[in-house]
Protein chains: 2
Amino acid sequence: MAVRCDAVIMSRSEAPTPQGTAVTGNLHDRLLDRLLAGLPAEAVLTDPDVTASYANDMASFCEAGAPAVVVLPRTVEQVQHVMRTATELRVPVVPQGARTGLSGGANAADDCIVLSLTKMDRILEINPVDRIAVVEPGVVNATLSRAVNEHGLYYPPDPSSWEMCTIGGNIGTASGGLCCVKYGVTAEYVLGLDVVLADGRLMSTGRRTAKGVAGYDLTRLFVGSEGSLGIVVRAVLALKPQPPQQLVLAAEFPSASAACDAVCRIMEGGHVPSLLELMDRTTVKAVNDLAQMGLPETTEALLLAAFDTPDPAADLAAVGALCEAAGATQVVPADDAAESELLLQARRLSLTALEAVKGTTMIDDVCVPRSRLAELFAGMEGIAEKHDLTIGVVAHAGDGNTHPTVCFDAADPDESRRARESFDEIMALGLELGGTITGEHGVGILKKEWLAREIGPVGLEMQRAVKAVFDPLGILNPGKLF
Amino acid sequence: MAVRCDAVIMSRSEAPTPQGTAVTGNLHDRLLDRLLAGLPAEAVLTDPDVTASYANDMASFCEAGAPAVVVLPRTVEQVQHVMRTATELRVPVVPQGARTGLSGGANAADDCIVLSLTKMDRILEINPVDRIAVVEPGVVNATLSRAVNEHGLYYPPDPSSWEMCTIGGNIGTASGGLCCVKYGVTAEYVLGLDVVLADGRLMSTGRRTAKGVAGYDLTRLFVGSEGSLGIVVRAVLALKPQPPQQLVLAAEFPSASAACDAVCRIMEGGHVPSLLELMDRTTVKAVNDLAQMGLPETTEALLLAAFDTPDPAADLAAVGALCEAAGATQVVPADDAAESELLLQARRLSLTALEAVKGTTMIDDVCVPRSRLAELFAGMEGIAEKHDLTIGVVAHAGDGNTHPTVCFDAADPDESRRARESFDEIMALGLELGGTITGEHGVGILKKEWLAREIGPVGLEMQRAVKAVFDPLGILNPGKLF
């Protein structure tokens, strides 16, 4: 049976067999014996109830296998031991962080070793002169962010899950967040890596200097590789000086199209907002329903813009004027940090709120050139109507990165089918508009049929060949990406 | 004879045979016939006097072979034809831009096809809303910079050779420049590429969106790959809004160590200069000798700091105070753009001025964590003394990226030997201090023996395997990198 992703949760019996040798009987015992030769007993979990809890990330509608074992190493040597064992016994390995991913990229393969990096969670160094941090992969994004703040420094990447997700997971997915419009994505903050290869050897990539061009950029090859090329066990991260507290403005628009026009005017005008987010009416209503935030439900689109410049009020005034010129019906700059935080909280609640609408969501991640954003919004509205579905859209509008979120009842097979169809149609539309199927969530299992459509047959062939260089046995996170 | 680089110009008879089949007799005729089947006659140069002028980049002390032919394609299809021909006949191909490189990365191999991309020099698109430019590889950096300025946009990477060097060459080397301390290097501005592979197939990588994580980041793999993986025929580049005109401050220090201390204080203090450059006494004197610029020759180190913020004078005042705290004997902020430009001109003249000292230079490119910069300067002084050599140092100090420039007389074999030894000792010192052998100039021929020392045997094995994926016949820029 071909490995594919359906919008409904597959039953265990339907789950596909991943690449690699099935771990049954004697092999299972040998695997445990070998693992325990290099790992303490408490780092090797085999209780099926426990291992099942490591089976999937937050894209729970993608298929997930049953792990043979979950290992929780604390040292590089232990990770090397796990990989040597996996290579020796040809057992698939699925690396995991906090499993907050949205593409099934961390979902277990049947009979695999789940390699959870969450216990390798030390911040090894913070250096304000060199503006770097050296961390283990299991450090939680928010923990690092707060730790560097104490040194007057700033680690920008801020996925919505930043209070839970790990730096290793962020590196695996090349995660984005709200700040990317000014500060870029995770990839731009990874200077060097220590990676345990599939065969257990340790390789260092990159540097701890501000610049460096010695050889091919293998660091960036690993960033966003979704655990399919090696296991990141240490990262040197670039930091920025902590900017001033940002101030947020909210602008109401009579249409998504007008809001997108404002986004274009803001970017064309040379402004550099630290955040430029868009919530559509469905999302605004969902957030109000969940958290009674008193957002204006009469609006068709709510645009949030922020500046962390020395004089944010002046920047907000200029951007407010552009919003009005684009047809905003109301423009409300926050007076202070507290008001700004409230607006951001509304934005951060969006996906949770949309999940509450019908019980299940499929969160898309289509990114288009921002000049095509209005067309994407118009097209998504048409797709929702055609399939009679509720699709709420939140967007990192400044980046052209939208998260159209299909709300559906997973118990309703027809609605589930329509949800999947609409999900695919949105990706097709994104590609038509010169965009990508994934701006920041990754391909995982969810979008692997689409990767080939985006990068074409030559690109796919080369990607597979690169994979084979680092993972000749195909044991690293099999069934993901392609 | 092993391929290695000496500090003296090798005679042609000593030049090593590059990988690939020697193009002699009939093969040479067949090569020309095949090339002319897909290229106009004026795009195929065979006059040995002419082809010899394409033999090397600006690292003229590295060996260079004699090209069989120079081709100057104007279209993607013509590049594909060249690569198909090269693959068919197993002829090495050396891609070239303006040949301003400093590592021999564009030097010809014997009997190769030199593939000059300089005629593919169209700017295809500048889009102020999406903040991108789409260009062919032969566009000169300064041409692009000025063209985007007219749209209120800014293409930051500014190598010293920016008036001559091409975007394709910048991509091949992952070039830096003066602005990197604030704006980063070329790699951070390349969103997507069209690449002609060794076998002539066309592959697109990356995107034209602000974000995108679909599959492995092959774009970044090509950036800095020195023409060894494929031929870049089109690039989508990210642009920034044009910042305000920068204002420059000059500070004199009684020692390089004090200047390095100032650099650390500035960076630790959270400042974001748009330029932070250091010239040592030797360099200052050389610039005065060349251009009578009236720089203060009594100084041991001259630090230039610039800000392109809304209120640069305030930033310069703050940074000036830090310089004084670090022991600066004089701090002179420029009053206006004209004064600022004069100081920058002195900096930009440095390498030319040092070349005039003894006729020949070896320009190193060691980058260390900026917290180790003072140790690097102290060590370099010791190396110069030990070998009784003049070594002038200019540095992108804010990045820890130094260009120690060994001035020597190439006609003096003993001095040439000492120059080479000192050059190597500086790289060894850089690695000892946690740095890299090349911050922005690339490995080319000059540093290939050092690449292995920096990245280690596992890294080297993986880099070679990646090369083999894209260039299984080894025809792309053979003898470079490793």
# chains A, B, ... in the order shown; residues from 1 in each chain; ligands from 1
call {"tool": "interface_residues", "arguments": {"of": "chain A", "to": "chain B", "cutoff": "6 Å", "atoms": "only C-alpha atoms", "output": "PyMOL selection string"}}
result
chain A and resi 128-130+203+209-214+216-217+221+225+241+264+267-268+270+368-370+399+438-440+442+458-459
call {"tool": "write_last_selection", "arguments": {"atoms": "N, CA, C and O atoms", "output": "mmCIF file, in the first residue's frame"}}
result
data_model
loop_
_atom_site.group_PDB
_atom_site.id
_atom_site.type_symbol
_atom_site.label_atom_id
_atom_site.label_comp_id
_atom_site.auth_asym_id
_atom_site.auth_seq_id
_atom_site.Cartn_x
_atom_site.Cartn_y
_atom_site.Cartn_z
ATOM 1 N N PRO A 128 27.676 37.473 24.448
ATOM 2 C CA PRO A 128 27.161 38.761 23.960
ATOM 3 C C PRO A 128 28.109 39.481 22.999
ATOM 4 O O PRO A 128 27.643 40.282 22.195
ATOM 5 N N VAL A 129 29.413 39.229 23.078
ATOM 6 C CA VAL A 129 30.332 39.887 22.134
ATOM 7 C C VAL A 129 30.212 39.233 20.756
ATOM 8 O O VAL A 129 30.082 39.916 19.733
ATOM 9 N N ASP A 130 30.235 37.915 20.751
ATOM 10 C CA ASP A 130 30.114 37.204 19.474
ATOM 11 C C ASP A 130 28.662 37.079 19.019
ATOM 12 O O ASP A 130 28.400 36.645 17.901
ATOM 13 N N MET A 203 29.765 14.711 12.703
ATOM 14 C CA MET A 203 30.265 15.688 11.725
ATOM 15 C C MET A 203 29.931 17.092 12.210
ATOM 16 O O MET A 203 28.833 17.335 12.698
ATOM 17 N N THR A 209 31.772 31.816 13.706
ATOM 18 C CA THR A 209 32.107 33.179 13.318
ATOM 19 C C THR A 209 30.922 33.823 12.591
ATOM 20 O O THR A 209 30.013 33.125 12.136
ATOM 21 N N ALA A 210 30.990 35.156 12.473
ATOM 22 C CA ALA A 210 29.895 35.864 11.809
ATOM 23 C C ALA A 210 29.808 35.486 10.330
ATOM 24 O O ALA A 210 28.727 35.448 9.748
ATOM 25 N N LYS A 211 30.965 35.233 9.713
ATOM 26 C CA LYS A 211 31.006 34.861 8.304
ATOM 27 C C LYS A 211 31.848 33.608 8.119
ATOM 28 O O LYS A 211 32.660 33.269 8.977
ATOM 29 N N GLY A 212 31.705 32.972 6.986
ATOM 30 C CA GLY A 212 32.509 31.786 6.710
ATOM 31 C C GLY A 212 32.021 31.103 5.459
ATOM 32 O O GLY A 212 30.820 30.874 5.298
ATOM 33 N N VAL A 213 32.960 30.797 4.533
ATOM 34 C CA VAL A 213 32.565 30.194 3.258
ATOM 35 C C VAL A 213 33.461 29.010 2.900
ATOM 36 O O VAL A 213 33.737 28.773 1.721
ATOM 37 N N ALA A 214 33.921 28.288 3.923
ATOM 38 C CA ALA A 214 34.832 27.168 3.661
ATOM 39 C C ALA A 214 34.044 25.921 3.254
ATOM 40 O O ALA A 214 33.512 25.201 4.101
ATOM 41 N N TYR A 216 31.107 23.606 0.943
ATOM 42 C CA TYR A 216 29.653 23.680 0.741
ATOM 43 C C TYR A 216 28.940 23.966 2.057
ATOM 44 O O TYR A 216 29.366 23.535 3.124
ATOM 45 N N ASP A 217 27.813 24.648 1.946
ATOM 46 C CA ASP A 217 27.052 25.034 3.126
ATOM 47 C C ASP A 217 26.168 23.866 3.590
ATOM 48 O O ASP A 217 24.971 23.842 3.346
ATOM 49 N N LEU A 221 21.934 22.867 4.513
ATOM 50 C CA LEU A 221 21.325 21.666 3.964
ATOM 51 C C LEU A 221 20.558 20.916 5.066
ATOM 52 O O LEU A 221 19.475 20.371 4.833
ATOM 53 N N SER A 225 15.711 19.908 6.884
ATOM 54 C CA SER A 225 15.774 18.577 6.284
ATOM 55 C C SER A 225 14.909 17.568 7.038
ATOM 56 O O SER A 225 14.893 16.387 6.719
ATOM 57 N N PRO A 241 20.960 41.971 18.887
ATOM 58 C CA PRO A 241 20.721 42.762 20.102
ATOM 59 C C PRO A 241 19.219 42.884 20.329
ATOM 60 O O PRO A 241 18.448 42.920 19.355
ATOM 61 N N CYS A 264 0.744 45.595 0.679
ATOM 62 C CA CYS A 264 1.616 45.963 -0.450
ATOM 63 C C CYS A 264 2.104 47.398 -0.328
ATOM 64 O O CYS A 264 3.278 47.695 -0.567
ATOM 65 N N MET A 267 4.848 47.615 2.375
ATOM 66 C CA MET A 267 6.147 47.060 1.980
ATOM 67 C C MET A 267 6.769 47.892 0.856
ATOM 68 O O MET A 267 7.969 48.154 0.858
ATOM 69 N N GLU A 268 5.938 48.333 -0.088
ATOM 70 C CA GLU A 268 6.448 49.158 -1.175
ATOM 71 C C GLU A 268 6.964 50.495 -0.649
ATOM 72 O O GLU A 268 7.898 51.083 -1.209
ATOM 73 N N GLY A 270 8.685 50.982 1.843
ATOM 74 C CA GLY A 270 9.994 50.870 2.480
ATOM 75 C C GLY A 270 9.933 50.692 3.985
ATOM 76 O O GLY A 270 10.959 50.786 4.666
ATOM 77 N N VAL A 368 2.953 32.970 -0.884
ATOM 78 C CA VAL A 368 3.045 33.518 -2.243
ATOM 79 C C VAL A 368 3.804 34.843 -2.193
ATOM 80 O O VAL A 368 3.949 35.432 -1.128
ATOM 81 N N PRO A 369 4.300 35.303 -3.347
ATOM 82 C CA PRO A 369 4.854 36.659 -3.356
ATOM 83 C C PRO A 369 3.790 37.614 -2.829
ATOM 84 O O PRO A 369 2.616 37.469 -3.204
ATOM 85 N N ARG A 370 4.178 38.549 -1.978
ATOM 86 C CA ARG A 370 3.135 39.337 -1.324
ATOM 87 C C ARG A 370 2.305 40.140 -2.316
ATOM 88 O O ARG A 370 1.148 40.462 -2.033
ATOM 89 N N ASP A 399 4.989 38.498 4.838
ATOM 90 C CA ASP A 399 5.784 37.499 4.106
ATOM 91 C C ASP A 399 4.990 36.816 3.004
ATOM 92 O O ASP A 399 5.517 35.920 2.327
ATOM 93 N N THR A 438 4.760 25.273 1.165
ATOM 94 C CA THR A 438 5.041 25.392 2.591
ATOM 95 C C THR A 438 6.036 26.515 2.884
ATOM 96 O O THR A 438 7.178 26.464 2.429
ATOM 97 N N GLY A 439 5.542 27.500 3.609
ATOM 98 C CA GLY A 439 6.383 28.629 3.957
ATOM 99 C C GLY A 439 7.241 28.377 5.184
ATOM 100 O O GLY A 439 8.344 28.904 5.305
ATOM 101 N N GLU A 440 6.710 27.519 6.107
ATOM 102 C CA GLU A 440 7.442 27.333 7.364
ATOM 103 C C GLU A 440 7.108 26.047 8.108
ATOM 104 O O GLU A 440 7.766 25.734 9.099
ATOM 105 N N GLY A 442 6.947 22.861 6.757
ATOM 106 C CA GLY A 442 7.625 21.681 6.227
ATOM 107 C C GLY A 442 6.701 20.756 5.458
ATOM 108 O O GLY A 442 5.480 20.939 5.414
ATOM 109 N N VAL A 458 13.601 17.026 -11.961
ATOM 110 C CA VAL A 458 15.059 17.122 -11.822
ATOM 111 C C VAL A 458 15.413 17.471 -10.372
ATOM 112 O O VAL A 458 16.294 16.853 -9.761
ATOM 113 N N GLY A 459 14.696 18.444 -9.827
ATOM 114 C CA GLY A 459 14.935 18.817 -8.431
ATOM 115 C C GLY A 459 14.721 17.635 -7.508
ATOM 116 O O GLY A 459 15.525 17.377 -6.596
#
call {"tool": "residues_around", "arguments": {"residues": "region 345-358 of chain B", "least_positions_apart": "6", "cutoff": "6 Å", "atoms": "only C-alpha atoms", "output": "PDB file with N, CA and C atoms, in the first residue's frame"}}
result
ATOM      1  N   ALA B 286      50.244  52.886   3.649  1.00  0.00           N
ATOM      2  CA  ALA B 286      50.204  52.500   2.234  1.00  0.00           C
ATOM      3  C   ALA B 286      49.164  53.321   1.474  1.00  0.00           C
ATOM      4  N   VAL B 287      48.015  53.544   2.107  1.00  0.00           N
ATOM      5  CA  VAL B 287      46.959  54.339   1.458  1.00  0.00           C
ATOM      6  C   VAL B 287      47.431  55.779   1.274  1.00  0.00           C
ATOM      7  N   LEU B 290      49.868  55.941  -1.568  1.00  0.00           N
ATOM      8  CA  LEU B 290      49.247  55.788  -2.878  1.00  0.00           C
ATOM      9  C   LEU B 290      48.432  57.015  -3.268  1.00  0.00           C
ATOM     10  N   CYS B 407      52.882  41.458   1.965  1.00  0.00           N
ATOM     11  CA  CYS B 407      53.482  42.216   0.860  1.00  0.00           C
ATOM     12  C   CYS B 407      54.870  41.633   0.603  1.00  0.00           C
ATOM     13  N   PHE B 408      55.124  41.195  -0.599  1.00  0.00           N
ATOM     14  CA  PHE B 408      56.435  40.595  -0.876  1.00  0.00           C
ATOM     15  C   PHE B 408      56.830  40.802  -2.332  1.00  0.00           C
ATOM     16  N   ASP B 409      58.093  40.521  -2.560  1.00  0.00           N
ATOM     17  CA  ASP B 409      58.657  40.651  -3.903  1.00  0.00           C
ATOM     18  C   ASP B 409      58.698  39.256  -4.519  1.00  0.00           C
TER      19      ASP B 409
END
call {"tool": "select_by_dssp", "arguments": {"residues": "region 137-347 of chain A", "states": "strand (DSSP E)", "output": "MDAnalysis selection string"}}
result
chainID A and resid 153:154 190:196 202:206 231:238 240:241 247:253 275:280 301:307 330:333
call {"tool": "atom_distance", "arguments": {"atom1": "CA of Ile426 (chain B)", "atom2": "CA of Met380 (chain B)"}}
result
6.4 Å
call {"tool": "atom_distance", "arguments": {"atom1": "CA of Ala109 (chain B)", "atom2": "CA of Gly65 (chain B)"}}
result
4.4 Å
call {"tool": "select_by_dssp", "arguments": {"residues": "region 181-238 of chain A", "states": "helix (DSSP H, G or I)", "output": "PDB file with N, CA and C atoms, in the first residue's frame"}}
result
ATOM      1  N   VAL A 181       8.991  38.712   9.105  1.00  0.00           N
ATOM      2  CA  VAL A 181       8.919  39.799   8.125  1.00  0.00           C
ATOM      3  C   VAL A 181      10.087  40.766   8.305  1.00  0.00           C
ATOM      4  N   LYS A 182      10.557  40.899   9.531  1.00  0.00           N
ATOM      5  CA  LYS A 182      11.748  41.732   9.760  1.00  0.00           C
ATOM      6  C   LYS A 182      13.003  40.895   9.972  1.00  0.00           C
ATOM      7  N   TYR A 183      12.865  39.775  10.686  1.00  0.00           N
ATOM      8  CA  TYR A 183      14.063  39.088  11.177  1.00  0.00           C
ATOM      9  C   TYR A 183      14.377  37.769  10.474  1.00  0.00           C
ATOM     10  N   THR A 186      14.322  30.614  10.995  1.00  0.00           N
ATOM     11  CA  THR A 186      15.340  29.885  11.758  1.00  0.00           C
ATOM     12  C   THR A 186      16.634  29.705  10.976  1.00  0.00           C
ATOM     13  N   ALA A 187      16.501  29.373   9.697  1.00  0.00           N
ATOM     14  CA  ALA A 187      17.686  29.100   8.880  1.00  0.00           C
ATOM     15  C   ALA A 187      18.714  30.220   8.966  1.00  0.00           C
ATOM     16  N   GLU A 188      18.244  31.448   9.081  1.00  0.00           N
ATOM     17  CA  GLU A 188      19.175  32.578   9.076  1.00  0.00           C
ATOM     18  C   GLU A 188      19.898  32.743  10.400  1.00  0.00           C
ATOM     19  N   TYR A 189      19.543  31.928  11.388  1.00  0.00           N
ATOM     20  CA  TYR A 189      20.166  32.033  12.707  1.00  0.00           C
ATOM     21  C   TYR A 189      21.008  30.814  13.059  1.00  0.00           C
ATOM     22  N   LEU A 218      26.803  22.902   4.259  1.00  0.00           N
ATOM     23  CA  LEU A 218      26.037  21.745   4.732  1.00  0.00           C
ATOM     24  C   LEU A 218      25.126  22.120   5.898  1.00  0.00           C
ATOM     25  N   THR A 219      25.475  23.209   6.600  1.00  0.00           N
ATOM     26  CA  THR A 219      24.618  23.644   7.699  1.00  0.00           C
ATOM     27  C   THR A 219      23.208  23.895   7.180  1.00  0.00           C
ATOM     28  N   ARG A 220      23.138  24.697   6.124  1.00  0.00           N
ATOM     29  CA  ARG A 220      21.821  25.031   5.584  1.00  0.00           C
ATOM     30  C   ARG A 220      21.137  23.826   4.944  1.00  0.00           C
ATOM     31  N   LEU A 221      21.934  22.867   4.513  1.00  0.00           N
ATOM     32  CA  LEU A 221      21.325  21.666   3.964  1.00  0.00           C
ATOM     33  C   LEU A 221      20.558  20.916   5.066  1.00  0.00           C
ATOM     34  N   PHE A 222      21.126  20.901   6.263  1.00  0.00           N
ATOM     35  CA  PHE A 222      20.463  20.216   7.374  1.00  0.00           C
ATOM     36  C   PHE A 222      19.251  20.990   7.904  1.00  0.00           C
TER      37      PHE A 222
END
call {"tool": "residues_around", "arguments": {"residues": "Pro137 (chain A)", "least_positions_apart": "3", "cutoff": "9 Å", "atoms": "only C-alpha atoms", "output": "compact mmCIF listing (two decimals) with all heavy atoms, in the first residue's frame"}}
result
# COMPACT_ATOMS: atom_id res chain seq x y z
N GLY A 97 11.50 16.31 18.43
CA GLY A 97 11.65 17.34 19.45
C GLY A 97 10.40 17.31 20.32
O GLY A 97 10.06 16.26 20.87
N LEU A 117 14.98 13.98 21.37
CA LEU A 117 16.14 14.78 21.80
C LEU A 117 15.80 15.70 22.96
O LEU A 117 16.60 16.57 23.32
CB LEU A 117 16.66 15.61 20.62
CG LEU A 117 17.53 14.93 19.54
CD1 LEU A 117 18.66 14.12 20.16
CD2 LEU A 117 16.74 14.06 18.60
N THR A 118 14.64 15.49 23.57
CA THR A 118 14.15 16.46 24.57
C THR A 118 14.99 16.50 25.85
O THR A 118 14.95 17.49 26.57
CB THR A 118 12.69 16.15 24.95
OG1 THR A 118 12.58 14.74 25.25
CG2 THR A 118 11.76 16.49 23.81
N LYS A 119 15.73 15.42 26.12
CA LYS A 119 16.57 15.44 27.34
C LYS A 119 17.91 16.11 27.11
O LYS A 119 18.66 16.34 28.06
CB LYS A 119 16.80 14.00 27.83
CG LYS A 119 15.53 13.24 28.18
CD LYS A 119 14.89 13.78 29.43
CE LYS A 119 13.68 12.92 29.80
NZ LYS A 119 12.83 13.60 30.81
N MET A 120 18.24 16.36 25.88
CA MET A 120 19.48 17.12 25.59
C MET A 120 19.08 18.58 25.50
O MET A 120 18.91 19.13 24.41
CB MET A 120 20.11 16.62 24.29
CG MET A 120 20.65 15.20 24.41
SD MET A 120 21.41 14.60 22.88
CE MET A 120 22.89 15.61 22.79
N ASP A 121 18.91 19.18 26.65
CA ASP A 121 18.27 20.50 26.69
C ASP A 121 19.12 21.56 27.39
O ASP A 121 18.59 22.48 28.00
CB ASP A 121 16.90 20.39 27.36
CG ASP A 121 16.99 19.92 28.79
OD1 ASP A 121 18.09 19.53 29.23
OD2 ASP A 121 15.95 19.95 29.48
N ARG A 122 20.42 21.44 27.24
CA ARG A 122 21.29 22.43 27.90
C ARG A 122 21.64 23.59 26.96
O ARG A 122 21.91 23.39 25.79
CB ARG A 122 22.59 21.76 28.37
CG ARG A 122 22.39 20.84 29.57
CD ARG A 122 23.70 20.19 29.95
NE ARG A 122 24.28 19.47 28.82
CZ ARG A 122 25.55 19.09 28.74
NH1 ARG A 122 26.39 19.36 29.74
NH2 ARG A 122 26.00 18.44 27.68
N VAL A 140 14.02 24.35 24.76
CA VAL A 140 12.76 24.92 24.30
C VAL A 140 13.00 26.35 23.81
O VAL A 140 13.77 27.10 24.42
CB VAL A 140 11.72 24.88 25.44
CG1 VAL A 140 10.47 25.70 25.09
CG2 VAL A 140 11.34 23.42 25.74
N THR A 166 11.07 22.84 20.41
CA THR A 166 12.50 22.83 20.70
C THR A 166 13.30 23.43 19.54
O THR A 166 12.85 23.45 18.40
CB THR A 166 13.01 21.40 20.94
OG1 THR A 166 12.88 20.66 19.72
CG2 THR A 166 12.24 20.70 22.05
N ILE A 167 14.49 23.86 19.86
CA ILE A 167 15.38 24.41 18.84
C ILE A 167 15.71 23.34 17.79
O ILE A 167 15.75 23.63 16.59
CB ILE A 167 16.67 24.95 19.48
CG1 ILE A 167 16.36 26.12 20.41
CG2 ILE A 167 17.68 25.37 18.41
CD1 ILE A 167 15.73 27.33 19.76
N GLY A 168 15.89 22.10 18.24
CA GLY A 168 16.16 21.02 17.29
C GLY A 168 15.01 20.84 16.31
O GLY A 168 15.23 20.67 15.11
N GLY A 169 13.79 20.90 16.83
CA GLY A 169 12.62 20.81 15.95
C GLY A 169 12.55 22.01 15.03
O GLY A 169 12.24 21.88 13.84
N ILE A 171 15.01 23.70 13.90
CA ILE A 171 16.04 23.52 12.87
C ILE A 171 15.57 22.49 11.84
O ILE A 171 15.72 22.68 10.63
CB ILE A 171 17.38 23.11 13.51
CG1 ILE A 171 17.95 24.29 14.30
CG2 ILE A 171 18.38 22.63 12.45
CD1 ILE A 171 19.17 23.95 15.14
N VAL A 232 20.79 16.35 14.57
CA VAL A 232 21.44 17.55 15.10
C VAL A 232 21.59 17.39 16.63
O VAL A 232 20.60 17.20 17.32
CB VAL A 232 20.62 18.81 14.78
CG1 VAL A 232 21.16 20.02 15.53
CG2 VAL A 232 20.62 19.06 13.28
N VAL A 233 22.84 17.46 17.10
CA VAL A 233 23.07 17.29 18.55
C VAL A 233 23.61 18.56 19.21
O VAL A 233 23.74 18.62 20.43
CB VAL A 233 24.01 16.10 18.84
CG1 VAL A 233 23.31 14.79 18.52
CG2 VAL A 233 25.33 16.22 18.08
N ARG A 234 23.93 19.55 18.41
CA ARG A 234 24.45 20.81 18.95
C ARG A 234 24.32 21.86 17.86
O ARG A 234 24.51 21.56 16.68
CB ARG A 234 25.92 20.67 19.35
CG ARG A 234 26.41 21.62 20.42
CD ARG A 234 27.92 21.44 20.63
NE ARG A 234 28.62 21.89 19.44
CZ ARG A 234 29.47 22.93 19.41
NH1 ARG A 234 29.75 23.57 20.52
NH2 ARG A 234 30.06 23.28 18.29
N ALA A 235 23.98 23.08 18.27
CA ALA A 235 23.84 24.14 17.26
C ALA A 235 24.46 25.43 17.78
O ALA A 235 24.33 25.76 18.95
CB ALA A 235 22.36 24.37 16.95
call {"tool": "closest_residue", "arguments": {"among": "B:Arg74, B:Arg99, B:Arg84, B:Arg34", "to": "Ala59 (chain B)", "atoms": "only C-alpha atoms"}}
result
B:Arg99
